[in-house]
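A.B. asks: Structure file start-v5.cif, mmCIF, C-alpha atoms, is pasted below:
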```
data_structure
loop_
_atom_site.label_atom_id
_atom_site.label_comp_id
_atom_site.auth_asym_id
_atom_site.auth_seq_id
_atom_site.Cartn_x
_atom_site.Cartn_y
_atom_site.Cartn_z
CA MET B 1 283.26 -5.14 49.72
CA PRO B 2 280.01 -3.23 49.12
CA LEU B 3 280.44 0.42 48.22
CA GLU B 4 277.04 1.64 49.30
CA PRO B 5 273.74 0.23 50.51
CA PRO B 6 272.03 -1.97 47.90
CA LEU B 7 269.37 -0.36 45.76
CA ALA B 8 266.06 -2.24 45.99
CA LEU B 9 263.67 -1.96 43.06
CA GLY B 10 260.17 -3.31 42.64
CA PRO B 11 258.05 -5.28 42.91
CA PHE B 12 257.21 -5.02 39.22
CA ARG B 13 254.20 -7.03 38.01
CA LEU B 14 255.28 -8.61 34.71
CA ARG B 15 253.55 -11.03 32.37
CA VAL B 16 255.32 -13.89 30.63
CA ASP B 17 254.40 -12.99 27.07
CA PRO B 18 253.76 -16.24 25.13
CA ALA B 19 254.85 -14.72 21.81
CA ARG B 20 258.11 -13.51 23.33
CA VAL B 21 258.65 -16.87 25.00
CA ALA B 22 258.29 -18.57 21.62
CA ALA B 23 260.69 -16.14 19.99
CA TYR B 24 263.21 -16.46 22.84
CA ALA B 25 263.03 -20.25 22.68
CA ARG B 26 263.51 -20.17 18.93
CA GLU B 27 266.68 -18.08 19.28
CA THR B 28 268.14 -20.27 22.02
CA GLY B 29 267.44 -23.70 20.59
CA GLY B 30 264.34 -24.52 22.62
CA ASP B 31 261.03 -25.86 21.40
CA GLY B 32 258.87 -23.28 23.19
CA ALA B 33 256.92 -25.99 25.01
CA SER B 34 257.93 -24.42 28.32
CA VAL B 35 259.25 -21.04 29.40
CA PRO B 36 263.05 -21.10 28.98
CA LEU B 37 264.96 -20.99 32.26
CA ALA B 38 266.87 -17.97 31.01
CA TYR B 39 263.75 -16.09 29.93
CA PRO B 40 263.71 -13.69 32.94
CA ALA B 41 266.88 -12.19 31.50
CA VAL B 42 264.62 -10.31 29.10
CA TRP B 43 263.00 -8.57 32.07
CA LEU B 44 266.38 -7.51 33.47
CA ALA B 45 267.23 -6.02 30.08
CA GLU B 46 264.04 -3.94 29.90
CA PRO B 47 265.05 -0.31 29.30
CA TRP B 48 263.07 0.99 32.28
CA LEU B 49 265.11 -1.31 34.54
CA PHE B 50 268.45 -1.52 32.77
CA SER B 51 268.56 2.28 32.57
CA VAL B 52 269.60 2.19 36.23
CA VAL B 53 272.69 0.24 35.16
CA SER B 54 273.30 2.43 32.12
CA ASP B 55 273.05 5.62 34.18
CA LEU B 56 275.46 4.30 36.80
CA CYS B 57 277.94 3.22 34.13
CA ALA B 58 277.75 6.60 32.45
CA GLU B 59 278.39 8.29 35.78
CA LEU B 60 281.42 6.07 36.48
CA ASP B 61 282.59 6.11 32.84
CA VAL B 62 282.67 2.33 32.72
CA VAL B 63 281.24 -0.35 30.46
CA PRO B 64 279.28 -3.28 31.93
CA VAL B 65 280.65 -6.64 30.84
CA HIS B 66 278.52 -9.69 31.57
CA GLU B 67 280.68 -11.86 33.82
CA SER B 68 278.29 -14.50 35.06
CA GLN B 69 274.64 -15.42 35.26
CA SER B 70 272.58 -17.81 37.32
CA PHE B 71 268.98 -18.97 37.50
CA SER B 72 267.65 -21.07 40.34
CA TYR B 73 264.06 -22.30 40.28
CA ASP B 74 261.52 -23.38 42.87
CA LEU B 75 258.62 -23.36 40.40
CA PRO B 76 258.62 -23.12 36.62
CA LEU B 77 257.25 -19.98 35.01
CA VAL B 78 254.11 -20.40 32.94
CA ALA B 79 253.51 -18.53 29.69
CA GLY B 80 250.67 -16.08 29.97
CA GLU B 81 250.94 -15.80 33.76
CA SER B 82 252.06 -12.72 35.68
CA TYR B 83 254.76 -12.56 38.33
CA ASP B 84 256.31 -10.07 40.69
CA LEU B 85 259.95 -9.20 40.01
CA ARG B 86 262.10 -7.64 42.70
CA VAL B 87 265.65 -6.53 41.96
CA THR B 88 268.45 -5.55 44.29
CA MET B 89 271.49 -3.84 42.83
CA SER B 90 274.73 -3.62 44.74
CA ARG B 91 278.21 -2.58 43.81
CA GLU B 92 281.58 -4.03 44.79
CA GLU B 93 284.85 -2.21 44.54
CA THR B 94 287.38 -5.03 44.20
CA PRO B 95 286.99 -6.11 41.54
CA PRO B 96 284.62 -3.42 40.32
CA ARG B 97 281.30 -5.15 39.81
CA LEU B 98 277.60 -4.52 39.79
CA ILE B 99 275.46 -7.35 41.11
CA MET B 100 271.82 -7.62 40.13
CA ALA B 101 270.03 -10.08 42.39
CA ALA B 102 266.42 -10.67 41.44
CA THR B 103 263.55 -12.75 42.71
CA VAL B 104 260.46 -13.84 40.83
CA ALA B 105 257.34 -14.73 42.80
CA THR B 106 253.71 -15.40 42.07
CA PRO B 107 251.28 -12.56 42.85
CA GLY B 108 250.40 -14.61 45.93
CA GLY B 109 253.99 -14.43 47.12
CA GLU B 110 255.14 -17.96 46.30
CA SER B 111 258.82 -18.00 45.32
CA CYS B 112 259.49 -19.12 41.76
CA ALA B 113 263.05 -18.14 40.91
CA ARG B 114 266.21 -16.40 42.00
CA ILE B 115 268.43 -14.77 39.44
CA GLU B 116 271.88 -13.27 39.77
CA THR B 117 273.66 -11.21 37.16
CA LEU B 118 277.28 -10.16 37.69
CA LEU B 119 278.48 -7.27 35.58
CA ARG B 120 282.16 -6.40 35.60
CA LEU B 121 282.60 -2.65 35.37
CA VAL B 122 285.42 -1.98 32.92
CA PRO B 123 286.86 1.51 32.41
CA ARG B 124 285.59 2.89 29.13
CA ALA B 125 289.12 3.99 28.23
CA GLY B 126 290.63 1.01 26.45
CA PHE B 127 287.25 -0.53 25.76
CA GLY B 128 286.58 1.34 22.54
CA SER B 129 283.05 2.66 22.36
CA ALA B 130 281.36 -0.55 23.41
CA SER B 131 278.52 -0.14 25.85
CA MET Y 1 265.79 -41.93 40.05
CA SER Y 2 269.45 -41.41 39.41
CA ASN Y 3 270.70 -44.94 39.95
CA ASP Y 4 271.56 -45.05 36.29
CA ILE Y 5 273.47 -41.76 36.40
CA LYS Y 6 277.02 -41.93 37.68
CA VAL Y 7 279.73 -39.44 38.47
CA GLY Y 8 281.81 -39.02 35.35
CA ASP Y 9 278.96 -39.67 32.93
CA THR Y 10 279.12 -37.35 29.95
CA LEU Y 11 276.17 -35.82 28.16
CA PRO Y 12 275.90 -36.23 24.41
CA GLU Y 13 277.81 -33.34 22.89
CA THR Y 14 275.68 -30.73 21.16
CA ILE Y 15 276.90 -28.61 18.28
CA ILE Y 16 275.20 -25.27 17.67
CA GLY Y 17 275.92 -22.42 15.31
CA PRO Y 18 277.78 -20.97 13.67
CA PHE Y 19 275.71 -17.87 14.33
CA ASP Y 20 275.62 -15.14 11.72
CA ALA Y 21 274.87 -11.43 12.06
CA PRO Y 22 271.10 -11.78 11.46
CA SER Y 23 270.98 -14.44 14.17
CA LEU Y 24 272.66 -12.14 16.68
CA ALA Y 25 270.38 -9.30 15.63
CA ARG Y 26 267.31 -11.47 16.22
CA TYR Y 27 268.58 -12.46 19.66
CA ALA Y 28 269.27 -8.82 20.50
CA GLU Y 29 265.75 -7.90 19.50
CA VAL Y 30 263.98 -10.63 21.43
CA SER Y 31 266.18 -10.39 24.53
CA GLY Y 32 266.46 -6.62 24.70
CA ASP Y 33 270.25 -6.88 24.87
CA ALA Y 34 271.17 -4.44 22.15
CA ASN Y 35 274.78 -3.98 23.23
CA PRO Y 36 276.51 -2.91 19.98
CA LEU Y 37 279.50 -5.07 20.86
CA HIS Y 38 277.46 -8.05 19.61
CA LEU Y 39 276.19 -6.34 16.50
CA ASP Y 40 278.83 -3.96 15.22
CA ASP Y 41 282.09 -5.19 13.73
CA ALA Y 42 283.80 -1.86 14.39
CA VAL Y 43 282.94 -1.95 18.10
CA ALA Y 44 284.26 -5.51 18.37
CA ALA Y 45 287.40 -4.57 16.47
CA ALA Y 46 287.99 -1.64 18.82
CA ILE Y 47 288.64 -4.10 21.65
CA GLY Y 48 290.67 -6.46 19.51
CA LEU Y 49 288.05 -9.03 18.55
CA ALA Y 50 288.08 -10.46 15.04
CA ALA Y 51 284.26 -10.48 15.02
CA PRO Y 52 281.44 -9.57 17.38
CA PRO Y 53 280.99 -12.05 20.22
CA VAL Y 54 277.82 -14.09 20.48
CA HIS Y 55 275.65 -13.00 23.43
CA GLY Y 56 276.71 -15.07 26.40
CA MET Y 57 273.08 -15.49 27.42
CA LYS Y 58 272.17 -16.93 24.03
CA LEU Y 59 274.78 -19.62 24.58
CA LEU Y 60 274.03 -20.24 28.25
CA ALA Y 61 270.34 -20.66 27.43
CA ALA Y 62 271.24 -23.24 24.79
CA PHE Y 63 272.33 -25.66 27.51
CA GLU Y 64 268.70 -26.11 28.55
CA PRO Y 65 267.59 -27.98 25.41
CA MET Y 66 270.72 -30.13 25.67
CA LEU Y 67 269.92 -31.04 29.28
CA ARG Y 68 266.27 -31.75 28.46
CA ALA Y 69 267.26 -33.98 25.56
CA TRP Y 70 269.63 -35.86 27.86
CA ARG Y 71 267.16 -36.51 30.67
CA GLY Y 72 263.65 -35.32 30.03
CA ASP Y 73 262.50 -37.15 33.16
CA LEU Y 74 264.43 -34.70 35.37
CA VAL Y 75 263.67 -31.09 36.17
CA ILE Y 76 266.38 -28.49 35.78
CA ALA Y 77 266.42 -26.69 39.12
CA SER Y 78 269.29 -24.34 38.35
CA LEU Y 79 271.45 -23.17 35.49
CA ALA Y 80 274.47 -20.91 35.81
CA GLY Y 81 277.50 -19.90 33.84
CA LYS Y 82 280.62 -17.78 33.85
CA PHE Y 83 281.41 -16.05 30.61
CA VAL Y 84 285.11 -16.75 30.48
CA GLN Y 85 286.02 -15.53 27.03
CA PRO Y 86 284.13 -14.44 23.94
CA ILE Y 87 282.79 -16.96 21.46
CA LEU Y 88 282.71 -15.13 18.18
CA ARG Y 89 280.17 -14.80 15.43
CA GLY Y 90 280.93 -17.50 12.88
CA ASP Y 91 282.31 -19.97 15.43
CA THR Y 92 280.81 -23.41 15.61
CA VAL Y 93 279.96 -23.94 19.28
CA ARG Y 94 280.41 -27.21 21.11
CA LEU Y 95 278.31 -27.73 24.25
CA SER Y 96 279.28 -30.50 26.62
CA GLY Y 97 278.41 -31.69 30.09
CA ARG Y 98 279.79 -34.04 32.70
CA VAL Y 99 278.19 -35.33 35.89
CA LEU Y 100 280.17 -34.23 38.95
CA ARG Y 101 277.75 -35.35 41.66
CA ALA Y 102 274.92 -37.84 41.58
CA THR Y 103 272.58 -38.69 44.44
CA GLU Y 104 268.98 -39.83 44.63
CA GLU Y 105 267.92 -36.25 45.16
CA GLU Y 106 270.16 -34.29 42.83
CA ILE Y 107 272.41 -34.45 39.80
CA PHE Y 108 275.08 -31.78 39.44
CA VAL Y 109 276.47 -31.29 35.95
CA ARG Y 110 279.50 -29.26 34.86
CA LEU Y 111 278.83 -27.54 31.54
CA THR Y 112 281.26 -26.11 29.03
CA ALA Y 113 280.86 -24.23 25.78
CA TYR Y 114 283.73 -24.04 23.33
CA GLY Y 115 284.03 -21.88 20.26
CA ALA Y 116 287.04 -21.82 18.00
CA ALA Y 117 289.47 -21.03 20.83
CA ARG Y 118 291.15 -23.74 22.85
CA ALA Y 119 289.85 -22.39 26.15
CA PRO Y 120 286.16 -22.58 27.01
CA GLY Y 121 283.93 -19.61 26.40
CA ILE Y 122 281.50 -20.58 29.15
CA ILE Y 123 282.01 -22.70 32.23
CA GLY Y 124 278.66 -23.49 33.73
CA GLU Y 125 276.73 -25.80 35.96
CA ALA Y 126 273.25 -27.19 36.27
CA THR Y 127 271.35 -28.98 38.98
CA LEU Y 128 268.68 -31.50 38.02
CA ARG Y 129 266.16 -33.15 40.30
CA PRO Y 130 263.46 -35.78 40.08
CA ARG Y 131 260.25 -34.27 38.80
CA ALA Y 132 258.27 -34.98 41.95
CA ALA Y 133 260.88 -33.50 44.28
CA ALA Y 134 261.69 -30.39 42.26
#
```
Output the file's structure in the form of structure tokens.
C.D. replies:
Amino acid sequence: MPLEPPLALGPFRLRVDPARVAAYARETGGDGASVPLAYPAVWLAEPWLFSVVSDLCAELDVVPVHESQSFSYDLPLVAGESYDLRVTMSREETPPRLIMAATVATPGGESCARIETLLRLVPRAGFGSAS
Amino acid sequence: MSNDIKVGDTLPETIIGPFDAPSLARYAEVSGDANPLHLDDAVAAAIGLAAPPVHGMKLLAAFEPMLRAWRGDLVIASLAGKFVQPILRGDTVRLSGRVLRATEEEIFVRLTAYGAARAPGIIGEATLRPRAAA
């Protein structure tokens, strides 16, 4: 059950950096010939975006634990191109979770991808100092 | 398209890793996921892990090359995974896949990643489609 209205962020105009694509592919077993399906995860981890999660977790005294992740594509991303990222964050109470639902679209508005990140919110007590 | 793919078909198993500390540090740097749980032995030990866990995303992303190697003529329309339990630094990781549904329009594959533990670290799924229809 949602705890409060979802928080909508964006759109953020982001470029698929070819050098970062190559590095990401190298670290995940790909050949870098195409943008890895999981590449948008690097956008969700950007400090200016993930700070929303970090701040919430600090406020609740919880640690986010990555529970699940999905990527669903209508169009492949192309290295060097720019896209608009929109993110909606919502929180559930039982079990305590933060859901990041994101969409990636071309600047012209054509849908490329939908991404969902589920973060389990675990009380910091008993979780050491991990965060 | 998928006449030659049947329910129950298994993908060739892929072995990756074991991943060492520099490997996890490189992934943290490129991905932006600098959670110390993956990088600091003391943080991992504080929650009872024998070693830092490999980033779940690093492992989930590794299914893509496996799927492409299996059927490069298909497009991967979706990839998803649940991070069931940690796969630890130093574990050899076994990626496997099995076709659960197969139609002319879509192939649905169950994915699993195993580390040293008996239970899977990731249970995932992927949907593949013919290139023209994707």
A.B. asks: Provide as a PDB file with C-alpha atoms, keeping the file's coordinate frame the residues of chain Y at most 10 Å from chain B, counting all atoms listed in the file.
C.D. replies:
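Output (result_2.pdb):
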```pdb
ATOM      1  CA  ILE Y  16     275.200 -25.270  17.670  1.00  0.00           C
ATOM      2  CA  SER Y  23     270.980 -14.440  14.170  1.00  0.00           C
ATOM      3  CA  LEU Y  24     272.660 -12.140  16.680  1.00  0.00           C
ATOM      4  CA  ARG Y  26     267.310 -11.470  16.220  1.00  0.00           C
ATOM      5  CA  TYR Y  27     268.580 -12.460  19.660  1.00  0.00           C
ATOM      6  CA  ALA Y  28     269.270  -8.820  20.500  1.00  0.00           C
ATOM      7  CA  GLU Y  29     265.750  -7.900  19.500  1.00  0.00           C
ATOM      8  CA  VAL Y  30     263.980 -10.630  21.430  1.00  0.00           C
ATOM      9  CA  SER Y  31     266.180 -10.390  24.530  1.00  0.00           C
ATOM     10  CA  GLY Y  32     266.460  -6.620  24.700  1.00  0.00           C
ATOM     11  CA  ASP Y  33     270.250  -6.880  24.870  1.00  0.00           C
ATOM     12  CA  ALA Y  34     271.170  -4.440  22.150  1.00  0.00           C
ATOM     13  CA  ASN Y  35     274.780  -3.980  23.230  1.00  0.00           C
ATOM     14  CA  PRO Y  36     276.510  -2.910  19.980  1.00  0.00           C
ATOM     15  CA  LEU Y  37     279.500  -5.070  20.860  1.00  0.00           C
ATOM     16  CA  HIS Y  38     277.460  -8.050  19.610  1.00  0.00           C
ATOM     17  CA  ASP Y  40     278.830  -3.960  15.220  1.00  0.00           C
ATOM     18  CA  ALA Y  42     283.800  -1.860  14.390  1.00  0.00           C
ATOM     19  CA  VAL Y  43     282.940  -1.950  18.100  1.00  0.00           C
ATOM     20  CA  ALA Y  44     284.260  -5.510  18.370  1.00  0.00           C
ATOM     21  CA  ALA Y  45     287.400  -4.570  16.470  1.00  0.00           C
ATOM     22  CA  ALA Y  46     287.990  -1.640  18.820  1.00  0.00           C
ATOM     23  CA  ILE Y  47     288.640  -4.100  21.650  1.00  0.00           C
ATOM     24  CA  GLY Y  48     290.670  -6.460  19.510  1.00  0.00           C
ATOM     25  CA  HIS Y  55     275.650 -13.000  23.430  1.00  0.00           C
ATOM     26  CA  GLY Y  56     276.710 -15.070  26.400  1.00  0.00           C
ATOM     27  CA  MET Y  57     273.080 -15.490  27.420  1.00  0.00           C
ATOM     28  CA  LYS Y  58     272.170 -16.930  24.030  1.00  0.00           C
ATOM     29  CA  LEU Y  59     274.780 -19.620  24.580  1.00  0.00           C
ATOM     30  CA  LEU Y  60     274.030 -20.240  28.250  1.00  0.00           C
ATOM     31  CA  ALA Y  61     270.340 -20.660  27.430  1.00  0.00           C
ATOM     32  CA  ALA Y  62     271.240 -23.240  24.790  1.00  0.00           C
ATOM     33  CA  PHE Y  63     272.330 -25.660  27.510  1.00  0.00           C
ATOM     34  CA  GLU Y  64     268.700 -26.110  28.550  1.00  0.00           C
ATOM     35  CA  PRO Y  65     267.590 -27.980  25.410  1.00  0.00           C
ATOM     36  CA  MET Y  66     270.720 -30.130  25.670  1.00  0.00           C
ATOM     37  CA  ARG Y  68     266.270 -31.750  28.460  1.00  0.00           C
ATOM     38  CA  VAL Y  75     263.670 -31.090  36.170  1.00  0.00           C
ATOM     39  CA  ILE Y  76     266.380 -28.490  35.780  1.00  0.00           C
ATOM     40  CA  ALA Y  77     266.420 -26.690  39.120  1.00  0.00           C
ATOM     41  CA  SER Y  78     269.290 -24.340  38.350  1.00  0.00           C
ATOM     42  CA  LEU Y  79     271.450 -23.170  35.490  1.00  0.00           C
ATOM     43  CA  ALA Y  80     274.470 -20.910  35.810  1.00  0.00           C
ATOM     44  CA  GLY Y  81     277.500 -19.900  33.840  1.00  0.00           C
ATOM     45  CA  LYS Y  82     280.620 -17.780  33.850  1.00  0.00           C
ATOM     46  CA  PHE Y  83     281.410 -16.050  30.610  1.00  0.00           C
ATOM     47  CA  VAL Y  84     285.110 -16.750  30.480  1.00  0.00           C
ATOM     48  CA  GLN Y  85     286.020 -15.530  27.030  1.00  0.00           C
ATOM     49  CA  ILE Y 122     281.500 -20.580  29.150  1.00  0.00           C
ATOM     50  CA  ILE Y 123     282.010 -22.700  32.230  1.00  0.00           C
ATOM     51  CA  GLY Y 124     278.660 -23.490  33.730  1.00  0.00           C
ATOM     52  CA  GLU Y 125     276.730 -25.800  35.960  1.00  0.00           C
ATOM     53  CA  ALA Y 126     273.250 -27.190  36.270  1.00  0.00           C
ATOM     54  CA  THR Y 127     271.350 -28.980  38.980  1.00  0.00           C
ATOM     55  CA  ALA Y 134     261.690 -30.390  42.260  1.00  0.00           C
TER      56      ALA Y 134
END
```
A.B. asks: Show which residues sit within 10 Å of Val99 of chain Y, as a ChimeraX atom specification. Count only C-alpha atoms, and ignore same-chain residues fewer than 4 positions away.
C.D. replies: /Y:5-11,107-111,125-127
A.B. asks: What is the atom CA of Leu67 of chain Y-atom CA of Tyr114 of chain Y distance in Å, reported with one decimal?
C.D. replies: 16.6 Å
A.B. asks: Got a sec to check which residues sit within 6 Å of (269.7, -11.0, 46.1), counting all atoms listed in the file, and write them as a VMD selection string?
C.D. replies: chain B and resid 88 101 to 102
A.B. asks: What is the atom CA of Ser34 of chain B-atom CA of Leu85 of chain B distance in Å, reported with one decimal?
C.D. replies: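 Taking atom CA of Ser34 of chain B as the start and atom CA of Leu85 of chain B as the end point, the length is 19.3 Å.
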A.B. asks: I'd like the neighbourhood of Arg15 of chain B as a list in words, where a residue qualifies if any of its atoms comes within 7 Å (using all atoms listed in the file), though same-chain residues fewer than 3 positions away should be ignored.
C.D. replies: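 These residues fall inside the cut-off: Gly80, Glu81, Ser82 and Tyr83 of chain B.
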A.B. asks: Take the PyMOL selection byres ((chain B and resi 121-123) around 6), run it mentally on this structure, and tell me the resulting residues as a ChimeraX atom specification.
C.D. replies: /B:62-64,96-97,120,124-125
A.B. asks: Go ahead and compute the interatomic distance for atom CA of Phe19 of chain Y and atom CA of Asp91 of chain Y, in Å to one decimal.
C.D. replies: 7.0 Å
A.B. asks: Tell me which protein, DNA and RNA residues are within 7 Å of Ala79 of chain B, counting all atoms listed in the file, leaving out same-chain ones fewer than 2 positions away, and put them as JSON, numbers by chain.
C.D. replies: {"B": [16, 17, 18, 35, 77, 81]}
A.B. asks: Measuring atom to atom with only C-alpha atoms, identify which of Y:Pro12, Y:Pro53, Y:Pro130, Y:Gly90 is nearest to Asp73 of chain Y.
C.D. replies: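 Among the listed residues, the smallest separation from Asp73 of chain Y belongs to Y:Pro130.
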A.B. asks: When the PyMOL selection byres ((chain B and resi 13) around 10) is applied to the structure above, which residues does it catch, written out as a PyMOL selection string?
C.D. replies: chain B and resi 10-12+14-15+82-86+104-107
A.B. asks: Between Y:Arg129, Y:Arg71, Y:Ala116, Y:Pro18, single out the one closest to Pro86 of chain Y, counting all atoms listed in the file.
C.D. replies: Y:Ala116
